[in-house]
file my_file_12.pdb (PDB, C-alpha atoms, pLDDT in the B column)
ATOM      1  CA  MET A   1       7.405 -15.867  21.118  1.00 41.00           C
ATOM      2  CA  LYS A   2       6.205 -12.283  21.655  1.00 43.00           C
ATOM      3  CA  LEU A   3       7.536  -9.204  19.905  1.00 41.00           C
ATOM      4  CA  HIS A   4       7.937  -5.857  21.605  1.00 46.00           C
ATOM      5  CA  PRO A   5       4.715  -3.886  20.929  1.00 47.00           C
ATOM      6  CA  LYS A   6       6.623  -0.703  20.072  1.00 48.00           C
ATOM      7  CA  LEU A   7       8.683  -2.477  17.421  1.00 43.00           C
ATOM      8  CA  LEU A   8       5.562  -4.025  15.968  1.00 43.00           C
ATOM      9  CA  ARG A   9       3.694  -0.745  15.732  1.00 48.00           C
ATOM     10  CA  THR A  10       6.538   1.234  14.158  1.00 44.00           C
ATOM     11  CA  ALA A  11       7.287  -1.450  11.551  1.00 42.00           C
ATOM     12  CA  LEU A  12       3.744  -2.242  10.442  1.00 44.00           C
ATOM     13  CA  VAL A  13       3.537  -0.305   7.206  1.00 41.00           C
ATOM     14  CA  ALA A  14       7.048  -1.189   6.108  1.00 43.00           C
ATOM     15  CA  ALA A  15       6.487  -4.850   6.875  1.00 43.00           C
ATOM     16  CA  PHE A  16       3.342  -5.073   4.827  1.00 42.00           C
ATOM     17  CA  SER A  17       4.593  -3.038   1.897  1.00 39.00           C
ATOM     18  CA  SER A  18       7.665  -5.261   1.683  1.00 43.00           C
ATOM     19  CA  ALA A  19       5.587  -8.423   2.106  1.00 40.00           C
ATOM     20  CA  LEU A  20       8.328  -9.892   4.254  1.00 39.00           C
ATOM     21  CA  LEU A  21       6.227 -12.008   6.528  1.00 41.00           C
ATOM     22  CA  LEU A  22       3.527 -13.806   4.658  1.00 39.00           C
ATOM     23  CA  GLY A  23       4.979 -14.107   1.185  1.00 40.00           C
ATOM     24  CA  ALA A  24       4.501 -11.822  -1.767  1.00 37.00           C
ATOM     25  CA  LEU A  25       1.354  -9.755  -1.715  1.00 38.00           C
ATOM     26  CA  PRO A  26      -0.258  -8.750  -5.010  1.00 40.00           C
ATOM     27  CA  ALA A  27       0.975  -5.389  -6.275  1.00 38.00           C
ATOM     28  CA  SER A  28      -2.510  -3.997  -6.438  1.00 46.00           C
ATOM     29  CA  ALA A  29      -4.188  -0.960  -5.016  1.00 59.00           C
ATOM     30  CA  HIS A  30      -7.783   0.204  -4.919  1.00 76.00           C
ATOM     31  CA  CYS A  31      -6.822   3.374  -6.779  1.00 82.00           C
ATOM     32  CA  ASP A  32      -7.572   1.596 -10.069  1.00 87.00           C
ATOM     33  CA  GLY A  33     -11.080   0.534  -9.076  1.00 88.00           C
ATOM     34  CA  LEU A  34     -14.230   2.194 -10.336  1.00 91.00           C
ATOM     35  CA  ASP A  35     -15.181   2.740  -6.704  1.00 87.00           C
ATOM     36  CA  GLY A  36     -11.656   3.752  -5.696  1.00 88.00           C
ATOM     37  CA  PRO A  37     -10.568   7.209  -4.550  1.00 89.00           C
ATOM     38  CA  VAL A  38      -8.999   8.272  -7.867  1.00 93.00           C
ATOM     39  CA  VAL A  39     -12.054   7.526 -10.017  1.00 95.00           C
ATOM     40  CA  THR A  40     -14.289   8.996  -7.321  1.00 92.00           C
ATOM     41  CA  ALA A  41     -12.294  12.213  -7.452  1.00 95.00           C
ATOM     42  CA  ALA A  42     -12.361  12.200 -11.272  1.00 96.00           C
ATOM     43  CA  ARG A  43     -16.156  11.741 -11.257  1.00 96.00           C
ATOM     44  CA  GLN A  44     -16.585  14.597  -8.779  1.00 96.00           C
ATOM     45  CA  ALA A  45     -14.328  16.826 -10.880  1.00 97.00           C
ATOM     46  CA  LEU A  46     -16.406  16.222 -14.004  1.00 97.00           C
ATOM     47  CA  ASP A  47     -19.735  16.703 -12.238  1.00 95.00           C
ATOM     48  CA  ALA A  48     -18.551  19.920 -10.591  1.00 96.00           C
ATOM     49  CA  GLY A  49     -16.658  21.193 -13.625  1.00 96.00           C
ATOM     50  CA  ASP A  50     -13.596  21.636 -11.403  1.00 96.00           C
ATOM     51  CA  VAL A  51     -10.442  19.787 -12.474  1.00 97.00           C
ATOM     52  CA  ASN A  52      -8.681  20.712  -9.225  1.00 96.00           C
ATOM     53  CA  ARG A  53     -10.666  18.019  -7.454  1.00 95.00           C
ATOM     54  CA  VAL A  54      -8.711  15.338  -9.271  1.00 95.00           C
ATOM     55  CA  LEU A  55      -5.334  17.046  -9.777  1.00 95.00           C
ATOM     56  CA  ILE A  56      -4.341  16.164  -6.225  1.00 93.00           C
ATOM     57  CA  TRP A  57      -4.025  12.543  -7.347  1.00 92.00           C
ATOM     58  CA  VAL A  58      -1.290  13.205  -9.917  1.00 94.00           C
ATOM     59  CA  LYS A  59       2.235  14.601  -9.855  1.00 94.00           C
ATOM     60  CA  PRO A  60       2.719  18.299 -10.672  1.00 95.00           C
ATOM     61  CA  ALA A  61       4.518  17.358 -13.887  1.00 96.00           C
ATOM     62  CA  ASP A  62       1.429  15.441 -15.031  1.00 96.00           C
ATOM     63  CA  GLU A  63      -1.145  18.139 -14.340  1.00 96.00           C
ATOM     64  CA  ALA A  64      -1.120  19.409 -17.935  1.00 97.00           C
ATOM     65  CA  THR A  65      -2.014  15.951 -19.255  1.00 97.00           C
ATOM     66  CA  VAL A  66      -4.980  15.679 -16.918  1.00 97.00           C
ATOM     67  CA  ARG A  67      -6.117  19.238 -17.599  1.00 97.00           C
ATOM     68  CA  GLU A  68      -6.152  18.594 -21.350  1.00 97.00           C
ATOM     69  CA  ALA A  69      -8.018  15.321 -20.930  1.00 97.00           C
ATOM     70  CA  PHE A  70     -10.512  17.081 -18.658  1.00 97.00           C
ATOM     71  CA  ARG A  71     -11.090  19.819 -21.262  1.00 97.00           C
ATOM     72  CA  LYS A  72     -11.703  17.328 -24.068  1.00 97.00           C
ATOM     73  CA  THR A  73     -13.970  15.202 -21.878  1.00 97.00           C
ATOM     74  CA  ALA A  74     -16.059  18.216 -20.898  1.00 96.00           C
ATOM     75  CA  GLU A  75     -16.633  18.990 -24.579  1.00 95.00           C
ATOM     76  CA  VAL A  76     -17.519  15.445 -25.648  1.00 96.00           C
ATOM     77  CA  ARG A  77     -19.778  14.547 -22.723  1.00 95.00           C
ATOM     78  CA  ARG A  78     -22.206  17.340 -23.743  1.00 93.00           C
ATOM     79  CA  LEU A  79     -22.985  15.651 -27.065  1.00 95.00           C
ATOM     80  CA  SER A  80     -25.193  12.807 -25.803  1.00 96.00           C
ATOM     81  CA  PRO A  81     -25.679  10.427 -22.881  1.00 95.00           C
ATOM     82  CA  ARG A  82     -23.687   7.743 -24.723  1.00 95.00           C
ATOM     83  CA  ALA A  83     -20.895  10.181 -25.544  1.00 96.00           C
ATOM     84  CA  LYS A  84     -20.840  11.229 -21.873  1.00 96.00           C
ATOM     85  CA  GLU A  85     -20.465   7.625 -20.738  1.00 96.00           C
ATOM     86  CA  VAL A  86     -17.623   6.894 -23.146  1.00 96.00           C
ATOM     87  CA  ALA A  87     -15.835  10.178 -22.490  1.00 96.00           C
ATOM     88  CA  ASP A  88     -16.091   9.816 -18.727  1.00 96.00           C
ATOM     89  CA  THR A  89     -14.658   6.297 -18.801  1.00 96.00           C
ATOM     90  CA  ALA A  90     -11.780   7.449 -21.003  1.00 96.00           C
ATOM     91  CA  PHE A  91     -11.074  10.253 -18.539  1.00 97.00           C
ATOM     92  CA  TYR A  92     -11.081   7.834 -15.603  1.00 97.00           C
ATOM     93  CA  GLU A  93      -8.606   5.640 -17.444  1.00 96.00           C
ATOM     94  CA  THR A  94      -6.356   8.597 -18.186  1.00 97.00           C
ATOM     95  CA  VAL A  95      -6.310   9.831 -14.606  1.00 96.00           C
ATOM     96  CA  VAL A  96      -5.698   6.379 -13.130  1.00 95.00           C
ATOM     97  CA  ARG A  97      -2.971   5.651 -15.688  1.00 95.00           C
ATOM     98  CA  VAL A  98      -1.212   8.926 -14.885  1.00 96.00           C
ATOM     99  CA  HIS A  99      -1.638   8.336 -11.156  1.00 95.00           C
ATOM    100  CA  ARG A 100      -0.186   4.826 -11.409  1.00 92.00           C
ATOM    101  CA  MET A 101       2.663   6.097 -13.545  1.00 92.00           C
ATOM    102  CA  GLY A 102       3.471   8.607 -10.817  1.00 92.00           C
ATOM    103  CA  GLU A 103       3.703   5.697  -8.379  1.00 87.00           C
ATOM    104  CA  GLY A 104       5.992   3.802 -10.734  1.00 90.00           C
ATOM    105  CA  GLU A 105       3.317   1.162 -11.292  1.00 88.00           C
ATOM    106  CA  PRO A 106       1.763  -0.081 -14.540  1.00 90.00           C
ATOM    107  CA  PHE A 107      -1.842   0.612 -15.484  1.00 91.00           C
ATOM    108  CA  THR A 108      -3.681  -2.635 -16.205  1.00 90.00           C
ATOM    109  CA  GLY A 109      -7.143  -1.211 -16.753  1.00 91.00           C
ATOM    110  CA  LEU A 110      -9.985  -0.062 -14.540  1.00 90.00           C
ATOM    111  CA  LYS A 111     -11.137  -2.670 -12.048  1.00 87.00           C
ATOM    112  CA  PRO A 112     -14.801  -3.331 -11.229  1.00 84.00           C
ATOM    113  CA  ALA A 113     -16.437  -1.837  -8.182  1.00 80.00           C
ATOM    114  CA  GLY A 114     -17.035  -4.051  -5.194  1.00 73.00           C
ATOM    115  CA  ARG A 115     -14.040  -6.354  -5.696  1.00 70.00           C
ATOM    116  CA  ASP A 116     -12.446  -8.102  -2.737  1.00 72.00           C
ATOM    117  CA  LEU A 117      -9.628  -5.918  -1.409  1.00 70.00           C
ATOM    118  CA  GLY A 118      -8.858  -8.058   1.605  1.00 74.00           C
ATOM    119  CA  GLN A 119      -8.895  -6.685   5.133  1.00 71.00           C
ATOM    120  CA  ALA A 120      -6.168  -4.028   5.188  1.00 73.00           C
ATOM    121  CA  VAL A 121      -7.372  -1.548   2.549  1.00 74.00           C
ATOM    122  CA  PRO A 122     -10.995  -1.363   3.760  1.00 76.00           C
ATOM    123  CA  ALA A 123      -9.729  -1.023   7.333  1.00 76.00           C
ATOM    124  CA  ALA A 124      -7.416   1.833   6.324  1.00 76.00           C
ATOM    125  CA  ASP A 125     -10.253   3.682   4.597  1.00 74.00           C
ATOM    126  CA  LYS A 126     -12.638   3.015   7.459  1.00 78.00           C
ATOM    127  CA  ALA A 127     -10.154   4.608   9.856  1.00 76.00           C
ATOM    128  CA  LEU A 128     -10.420   7.843   7.876  1.00 76.00           C
ATOM    129  CA  ALA A 129     -14.199   7.683   7.971  1.00 78.00           C
ATOM    130  CA  THR A 130     -14.431   6.931  11.697  1.00 84.00           C
ATOM    131  CA  GLY A 131     -11.503   9.033  12.874  1.00 86.00           C
ATOM    132  CA  SER A 132      -9.829   6.132  14.674  1.00 85.00           C
ATOM    133  CA  VAL A 133      -6.732   4.255  13.508  1.00 82.00           C
ATOM    134  CA  LYS A 134      -6.743   1.803  16.422  1.00 86.00           C
ATOM    135  CA  PRO A 135      -8.544  -1.016  14.527  1.00 83.00           C
ATOM    136  CA  VAL A 136      -5.949  -0.735  11.734  1.00 79.00           C
ATOM    137  CA  VAL A 137      -3.057  -0.915  14.185  1.00 80.00           C
ATOM    138  CA  LYS A 138      -4.639  -3.925  15.861  1.00 83.00           C
ATOM    139  CA  LEU A 139      -5.164  -5.710  12.530  1.00 81.00           C
ATOM    140  CA  LEU A 140      -1.611  -5.120  11.341  1.00 76.00           C
ATOM    141  CA  THR A 141      -0.010  -5.864  14.700  1.00 80.00           C
ATOM    142  CA  GLU A 142      -1.729  -9.230  14.860  1.00 83.00           C
ATOM    143  CA  SER A 143      -0.755 -10.041  11.285  1.00 80.00           C
ATOM    144  CA  VAL A 144       2.894  -9.077  11.799  1.00 79.00           C
ATOM    145  CA  GLN A 145       3.105 -11.083  15.010  1.00 85.00           C
ATOM    146  CA  HIS A 146       1.459 -14.082  13.351  1.00 86.00           C
ATOM    147  CA  GLY A 147       3.910 -13.914  10.451  1.00 85.00           C
ATOM    148  CA  ILE A 148       7.004 -13.820  12.661  1.00 88.00           C
ATOM    149  CA  GLU A 149       5.712 -16.552  14.950  1.00 91.00           C
ATOM    150  CA  GLN A 150       4.901 -18.728  11.951  1.00 91.00           C
ATOM    151  CA  ARG A 151       8.414 -18.404  10.544  1.00 92.00           C
ATOM    152  CA  TYR A 152       9.917 -18.997  13.984  1.00 93.00           C
ATOM    153  CA  ASN A 153       7.875 -22.144  14.593  1.00 95.00           C
ATOM    154  CA  GLU A 154       8.720 -23.540  11.155  1.00 93.00           C
ATOM    155  CA  MET A 155      12.402 -23.015  11.868  1.00 93.00           C
ATOM    156  CA  VAL A 156      12.262 -24.628  15.309  1.00 94.00           C
ATOM    157  CA  ALA A 157      10.414 -27.655  13.920  1.00 95.00           C
ATOM    158  CA  LEU A 158      13.320 -28.268  11.531  1.00 94.00           C
ATOM    159  CA  ARG A 159      16.128 -27.575  13.989  1.00 93.00           C
ATOM    160  CA  ASP A 160      16.631 -31.063  15.442  1.00 94.00           C
ATOM    161  CA  PHE A 161      17.980 -32.766  12.329  1.00 92.00           C
ATOM    162  CA  LYS A 162      20.572 -35.540  12.347  1.00 93.00           C
ATOM    163  CA  PRO A 163      24.129 -34.341  11.621  1.00 90.00           C
ATOM    164  CA  ASP A 164      24.445 -36.698   8.635  1.00 92.00           C
ATOM    165  CA  ASP A 165      21.104 -35.655   7.098  1.00 93.00           C
ATOM    166  CA  VAL A 166      22.263 -32.901   4.782  1.00 94.00           C
ATOM    167  CA  ALA A 167      18.870 -32.442   3.104  1.00 95.00           C
ATOM    168  CA  ALA A 168      17.146 -31.893   6.461  1.00 93.00           C
ATOM    169  CA  GLY A 169      19.896 -29.512   7.488  1.00 93.00           C
ATOM    170  CA  GLN A 170      19.437 -27.497   4.323  1.00 93.00           C
ATOM    171  CA  LYS A 171      15.720 -27.162   4.995  1.00 92.00           C
ATOM    172  CA  TYR A 172      16.524 -25.878   8.470  1.00 91.00           C
ATOM    173  CA  VAL A 173      19.026 -23.362   7.127  1.00 93.00           C
ATOM    174  CA  GLN A 174      16.509 -22.086   4.570  1.00 93.00           C
ATOM    175  CA  ALA A 175      13.884 -21.585   7.285  1.00 92.00           C
ATOM    176  CA  TYR A 176      16.478 -19.942   9.526  1.00 93.00           C
ATOM    177  CA  VAL A 177      17.587 -17.511   6.812  1.00 92.00           C
ATOM    178  CA  GLU A 178      13.998 -16.504   5.999  1.00 90.00           C
ATOM    179  CA  TYR A 179      13.193 -15.999   9.675  1.00 92.00           C
ATOM    180  CA  VAL A 180      16.293 -13.918  10.464  1.00 92.00           C
ATOM    181  CA  HIS A 181      15.998 -11.818   7.316  1.00 90.00           C
ATOM    182  CA  ALA A 182      12.383 -11.005   8.115  1.00 86.00           C
ATOM    183  CA  VAL A 183      13.242  -9.912  11.643  1.00 87.00           C
ATOM    184  CA  GLU A 184      16.266  -7.940  10.455  1.00 88.00           C
ATOM    185  CA  LYS A 185      14.407  -6.074   7.716  1.00 83.00           C
ATOM    186  CA  ILE A 186      11.496  -5.175   9.983  1.00 75.00           C
ATOM    187  CA  HIS A 187      13.931  -3.870  12.586  1.00 79.00           C
ATOM    188  CA  GLN A 188      15.840  -1.866   9.961  1.00 83.00           C
ATOM    189  CA  ALA A 189      12.612  -0.397   8.613  1.00 71.00           C
ATOM    190  CA  ALA A 190      11.547   0.654  12.097  1.00 67.00           C
ATOM    191  CA  ALA A 191      14.967   2.133  12.908  1.00 74.00           C
ATOM    192  CA  THR A 192      15.102   4.010   9.596  1.00 64.00           C
ATOM    193  CA  GLU A 193      11.626   5.455  10.085  1.00 51.00           C
ATOM    194  CA  GLY A 194      12.436   6.482  13.630  1.00 48.00           C
ATOM    195  CA  HIS A 195      15.654   8.156  12.485  1.00 50.00           C
ATOM    196  CA  ALA A 196      13.791  10.033   9.754  1.00 50.00           C
ATOM    197  CA  HIS A 197      11.242  11.373  12.218  1.00 47.00           C
ATOM    198  CA  ALA A 198      14.026  12.398  14.581  1.00 46.00           C
ATOM    199  CA  ALA A 199      15.885  14.166  11.773  1.00 49.00           C
ATOM    200  CA  GLN A 200      12.736  16.093  10.850  1.00 49.00           C
ATOM    201  CA  ALA A 201      12.020  16.994  14.455  1.00 44.00           C
ATOM    202  CA  ALA A 202      15.534  18.255  15.170  1.00 45.00           C
ATOM    203  CA  PRO A 203      15.459  21.273  12.830  1.00 44.00           C
ATOM    204  CA  ALA A 204      11.984  22.165  14.056  1.00 44.00           C
ATOM    205  CA  ALA A 205      13.152  22.084  17.658  1.00 43.00           C
ATOM    206  CA  HIS A 206      16.229  24.102  16.759  1.00 43.00           C
ATOM    207  CA  ASP A 207      14.115  26.777  15.057  1.00 46.00           C
ATOM    208  CA  LYS A 208      12.249  27.426  18.287  1.00 42.00           C
ATOM    209  CA  HIS A 209      15.397  28.707  19.970  1.00 43.00           C
TER     210      HIS A 209
END
call {"tool": "encode", "arguments": {"input": "my_file_12.pdb", "output": "C-alpha cells"}}
result
Amino acid sequence: MKLHPKLLRTALVAAFSSALLLGALPASAHCDGLDGPVVTAARQALDAGDVNRVLIWVKPADEATVREAFRKTAEVRRLSPRAKEVADTAFYETVVRVHRMGEGEPFTGLKPAGRDLGQAVPAADKALATGSVKPVVKLLTESVQHGIEQRYNEMVALRDFKPDDVAAGQKYVQAYVEYVHAVEKIHQAAATEGHAHAAQAAPAAHDKH
C-alpha cells in the first residue's frame, strides 16, 4: 500500500503531533533541557546583559515575570561564583516554566544536557543549521508511511475470521477502526491546513488588485 506523496508531506507535522500512527508519543520537548533553545537563550541573555534575547520564548503577557527574574538574577550573580551558579539555574527554571506554561504544558524540571531526543527533534534542528528541510521531510514521510502500512497489514491479517468466531471478529473490527481513524484524521489535518493556507493567501491576492 502506497500513500500519495502530497498527502504524506502536508500531513506530516499534524500526524506526529497527534501521535496517530505509532501510538502515544511522550509529551516532551527539548525546550526544557539544559542544552535546549530556551536555556541557551536565557544563558545568552544573562551573559550579554540583554533580557530581550530570551523574551522571544515567552508570551507577551509573561514578559514582566521574566524581566523581574532577570533583574534579580543579575543582582545576585555578582555576589560570588556560587551565587551566580544558583541564580542562573533559578532563572533558567523560571524561563522554562513560563515558556511551558505558555504552551499549556507543565514544567517538570530542567532536563540534563545530551539526553536522547529520538530522531525527529535533532533532525528538525539540523535542518535549521544546514538550511535544508529535505532530510526532515524524508524522515517523517517514511515514518508516516510505515505507520499506515503497519496498521493496514494488521487489519488485513485479521480480516479472514470465521463468521461464528466473535472474538476474532472483534479483533478485526478494532484493527479496522484504528486504521480508518488514522487515515481519516491525517486527511482532515491535511485538508484543514491546506484550507488555512488558502484562506490566508486569498486576502493577500485580493489586496494586490
call {"tool": "closest_residue", "arguments": {"input": "my_file_12.pdb", "among": "A:Leu139, A:Ala64, A:Thr89, A:Glu105", "to": "Val121 in chain A", "atoms": "only C-alpha atoms"}}
result
A:Leu139
call {"tool": "atom_distance", "arguments": {"input": "my_file_12.pdb", "atom1": "CA of Trp57 in chain A", "atom2": "CA of Val38 in chain A"}}
result
6.6 Å
call {"tool": "atom_distance", "arguments": {"input": "my_file_12.pdb", "atom1": "CA of Tyr172 in chain A", "atom2": "CA of Met155 in chain A"}}
result
6.1 Å
call {"tool": "resolve_selection", "arguments": {"input": "my_file_12.pdb", "expression": "the PyMOL selection byres ((chain A and resi 63) around 12)", "output": "PyMOL selection string"}}
result
chain A and resi 51-62+64-70+94-95+98-99+102
call {"tool": "resolve_selection", "arguments": {"input": "my_file_12.pdb", "expression": "the PyMOL selection byres ((chain A and resi 34) around 10)", "output": "ChimeraX atom specification"}}
result
/A:30-33,35-40,43,89,92-93,96,110-115
call {"tool": "atom_distance", "arguments": {"input": "my_file_12.pdb", "atom1": "CA of Thr141 in chain A", "atom2": "CA of Ala129 in chain A"}}
result
20.7 Å
call {"tool": "closest_residue", "arguments": {"input": "my_file_12.pdb", "among": "A:Gln174, A:Gln44, A:Asn153, A:Thr73", "to": "Ala90 in chain A", "atoms": "only C-alpha atoms"}}
result
A:Thr73
call {"tool": "decode", "arguments": {"input": "my_file_12.pdb", "residues": "range 30-56 of chain A", "atoms": "N, CA, C and O atoms", "output": "PDB file, in the first residue's frame"}}
result
ATOM      1  N   HIS A  30      12.460  19.479  23.748  1.00  0.00           N
ATOM      2  CA  HIS A  30      13.814  19.776  24.186  1.00  0.00           C
ATOM      3  C   HIS A  30      13.936  21.174  24.756  1.00  0.00           C
ATOM      4  O   HIS A  30      15.017  21.589  25.155  1.00  0.00           O
ATOM      5  N   CYS A  31      12.807  21.905  24.832  1.00  0.00           N
ATOM      6  CA  CYS A  31      12.866  23.253  25.391  1.00  0.00           C
ATOM      7  C   CYS A  31      13.155  23.241  26.884  1.00  0.00           C
ATOM      8  O   CYS A  31      13.529  24.274  27.450  1.00  0.00           O
ATOM      9  N   ASP A  32      12.986  22.097  27.545  1.00  0.00           N
ATOM     10  CA  ASP A  32      13.256  22.044  28.987  1.00  0.00           C
ATOM     11  C   ASP A  32      14.626  21.457  29.307  1.00  0.00           C
ATOM     12  O   ASP A  32      14.954  21.220  30.469  1.00  0.00           O
ATOM     13  N   GLY A  33      15.439  21.242  28.291  1.00  0.00           N
ATOM     14  CA  GLY A  33      16.775  20.701  28.503  1.00  0.00           C
ATOM     15  C   GLY A  33      17.796  21.791  28.737  1.00  0.00           C
ATOM     16  O   GLY A  33      17.656  22.922  28.256  1.00  0.00           O
ATOM     17  N   LEU A  34      18.833  21.466  29.476  1.00  0.00           N
ATOM     18  CA  LEU A  34      19.891  22.441  29.739  1.00  0.00           C
ATOM     19  C   LEU A  34      20.640  22.831  28.467  1.00  0.00           C
ATOM     20  O   LEU A  34      21.305  23.866  28.432  1.00  0.00           O
ATOM     21  N   ASP A  35      20.549  21.984  27.449  1.00  0.00           N
ATOM     22  CA  ASP A  35      21.160  22.316  26.165  1.00  0.00           C
ATOM     23  C   ASP A  35      20.101  22.664  25.122  1.00  0.00           C
ATOM     24  O   ASP A  35      20.380  22.719  23.930  1.00  0.00           O
ATOM     25  N   GLY A  36      18.870  22.913  25.593  1.00  0.00           N
ATOM     26  CA  GLY A  36      17.785  23.264  24.692  1.00  0.00           C
ATOM     27  C   GLY A  36      17.794  24.735  24.318  1.00  0.00           C
ATOM     28  O   GLY A  36      18.546  25.542  24.888  1.00  0.00           O
ATOM     29  N   PRO A  37      16.956  25.133  23.386  1.00  0.00           N
ATOM     30  CA  PRO A  37      16.970  26.508  22.886  1.00  0.00           C
ATOM     31  C   PRO A  37      16.550  27.560  23.911  1.00  0.00           C
ATOM     32  O   PRO A  37      17.020  28.697  23.859  1.00  0.00           O
ATOM     33  N   VAL A  38      15.659  27.198  24.844  1.00  0.00           N
ATOM     34  CA  VAL A  38      15.192  28.183  25.823  1.00  0.00           C
ATOM     35  C   VAL A  38      16.295  28.519  26.829  1.00  0.00           C
ATOM     36  O   VAL A  38      16.584  29.695  27.102  1.00  0.00           O
ATOM     37  N   VAL A  39      16.926  27.482  27.379  1.00  0.00           N
ATOM     38  CA  VAL A  39      18.020  27.711  28.330  1.00  0.00           C
ATOM     39  C   VAL A  39      19.204  28.371  27.626  1.00  0.00           C
ATOM     40  O   VAL A  39      19.873  29.243  28.195  1.00  0.00           O
ATOM     41  N   THR A  40      19.447  27.987  26.392  1.00  0.00           N
ATOM     42  CA  THR A  40      20.538  28.613  25.634  1.00  0.00           C
ATOM     43  C   THR A  40      20.281  30.103  25.482  1.00  0.00           C
ATOM     44  O   THR A  40      21.193  30.928  25.672  1.00  0.00           O
ATOM     45  N   ALA A  41      19.057  30.464  25.174  1.00  0.00           N
ATOM     46  CA  ALA A  41      18.704  31.873  25.041  1.00  0.00           C
ATOM     47  C   ALA A  41      18.810  32.594  26.384  1.00  0.00           C
ATOM     48  O   ALA A  41      19.269  33.743  26.458  1.00  0.00           O
ATOM     49  N   ALA A  42      18.385  31.915  27.463  1.00  0.00           N
ATOM     50  CA  ALA A  42      18.460  32.518  28.799  1.00  0.00           C
ATOM     51  C   ALA A  42      19.913  32.748  29.192  1.00  0.00           C
ATOM     52  O   ALA A  42      20.255  33.792  29.770  1.00  0.00           O
ATOM     53  N   ARG A  43      20.780  31.801  28.882  1.00  0.00           N
ATOM     54  CA  ARG A  43      22.216  31.928  29.198  1.00  0.00           C
ATOM     55  C   ARG A  43      22.827  33.098  28.419  1.00  0.00           C
ATOM     56  O   ARG A  43      23.606  33.887  28.959  1.00  0.00           O
ATOM     57  N   GLN A  44      22.468  33.203  27.144  1.00  0.00           N
ATOM     58  CA  GLN A  44      22.988  34.295  26.321  1.00  0.00           C
ATOM     59  C   GLN A  44      22.498  35.650  26.830  1.00  0.00           C
ATOM     60  O   GLN A  44      23.244  36.633  26.811  1.00  0.00           O
ATOM     61  N   ALA A  45      21.243  35.690  27.282  1.00  0.00           N
ATOM     62  CA  ALA A  45      20.683  36.933  27.806  1.00  0.00           C
ATOM     63  C   ALA A  45      21.442  37.395  29.041  1.00  0.00           C
ATOM     64  O   ALA A  45      21.777  38.579  29.184  1.00  0.00           O
ATOM     65  N   LEU A  46      21.732  36.458  29.936  1.00  0.00           N
ATOM     66  CA  LEU A  46      22.467  36.804  31.159  1.00  0.00           C
ATOM     67  C   LEU A  46      23.892  37.245  30.840  1.00  0.00           C
ATOM     68  O   LEU A  46      24.382  38.235  31.385  1.00  0.00           O
ATOM     69  N   ASP A  47      24.561  36.531  29.974  1.00  0.00           N
ATOM     70  CA  ASP A  47      25.949  36.853  29.640  1.00  0.00           C
ATOM     71  C   ASP A  47      26.059  38.203  28.935  1.00  0.00           C
ATOM     72  O   ASP A  47      27.038  38.934  29.123  1.00  0.00           O
ATOM     73  N   ALA A  48      25.037  38.523  28.119  1.00  0.00           N
ATOM     74  CA  ALA A  48      25.067  39.778  27.374  1.00  0.00           C
ATOM     75  C   ALA A  48      24.410  40.924  28.141  1.00  0.00           C
ATOM     76  O   ALA A  48      24.527  42.085  27.732  1.00  0.00           O
ATOM     77  N   GLY A  49      23.717  40.583  29.232  1.00  0.00           N
ATOM     78  CA  GLY A  49      23.000  41.623  29.968  1.00  0.00           C
ATOM     79  C   GLY A  49      21.829  42.173  29.184  1.00  0.00           C
ATOM     80  O   GLY A  49      21.439  43.332  29.355  1.00  0.00           O
ATOM     81  N   ASP A  50      21.243  41.348  28.317  1.00  0.00           N
ATOM     82  CA  ASP A  50      20.155  41.784  27.441  1.00  0.00           C
ATOM     83  C   ASP A  50      18.992  40.804  27.540  1.00  0.00           C
ATOM     84  O   ASP A  50      19.014  39.723  26.951  1.00  0.00           O
ATOM     85  N   VAL A  51      17.967  41.159  28.300  1.00  0.00           N
ATOM     86  CA  VAL A  51      16.835  40.263  28.525  1.00  0.00           C
ATOM     87  C   VAL A  51      16.049  39.983  27.255  1.00  0.00           C
ATOM     88  O   VAL A  51      15.352  38.964  27.145  1.00  0.00           O
ATOM     89  N   ASN A  52      16.140  40.863  26.262  1.00  0.00           N
ATOM     90  CA  ASN A  52      15.393  40.674  25.023  1.00  0.00           C
ATOM     91  C   ASN A  52      15.754  39.370  24.323  1.00  0.00           C
ATOM     92  O   ASN A  52      14.945  38.829  23.560  1.00  0.00           O
ATOM     93  N   ARG A  53      16.937  38.878  24.584  1.00  0.00           N
ATOM     94  CA  ARG A  53      17.377  37.647  23.916  1.00  0.00           C
ATOM     95  C   ARG A  53      16.575  36.426  24.351  1.00  0.00           C
ATOM     96  O   ARG A  53      16.560  35.419  23.647  1.00  0.00           O
ATOM     97  N   VAL A  54      15.931  36.522  25.503  1.00  0.00           N
ATOM     98  CA  VAL A  54      15.148  35.392  25.980  1.00  0.00           C
ATOM     99  C   VAL A  54      13.648  35.681  25.961  1.00  0.00           C
ATOM    100  O   VAL A  54      12.839  34.754  26.006  1.00  0.00           O
ATOM    101  N   LEU A  55      13.256  36.931  25.868  1.00  0.00           N
ATOM    102  CA  LEU A  55      11.832  37.281  25.888  1.00  0.00           C
ATOM    103  C   LEU A  55      11.069  36.693  24.708  1.00  0.00           C
ATOM    104  O   LEU A  55       9.847  36.513  24.786  1.00  0.00           O
ATOM    105  N   ILE A  56      11.776  36.398  23.629  1.00  0.00           N
ATOM    106  CA  ILE A  56      11.087  35.835  22.462  1.00  0.00           C
ATOM    107  C   ILE A  56      10.511  34.455  22.758  1.00  0.00           C
ATOM    108  O   ILE A  56       9.632  33.981  22.029  1.00  0.00           O
TER     109      ILE A  56
END
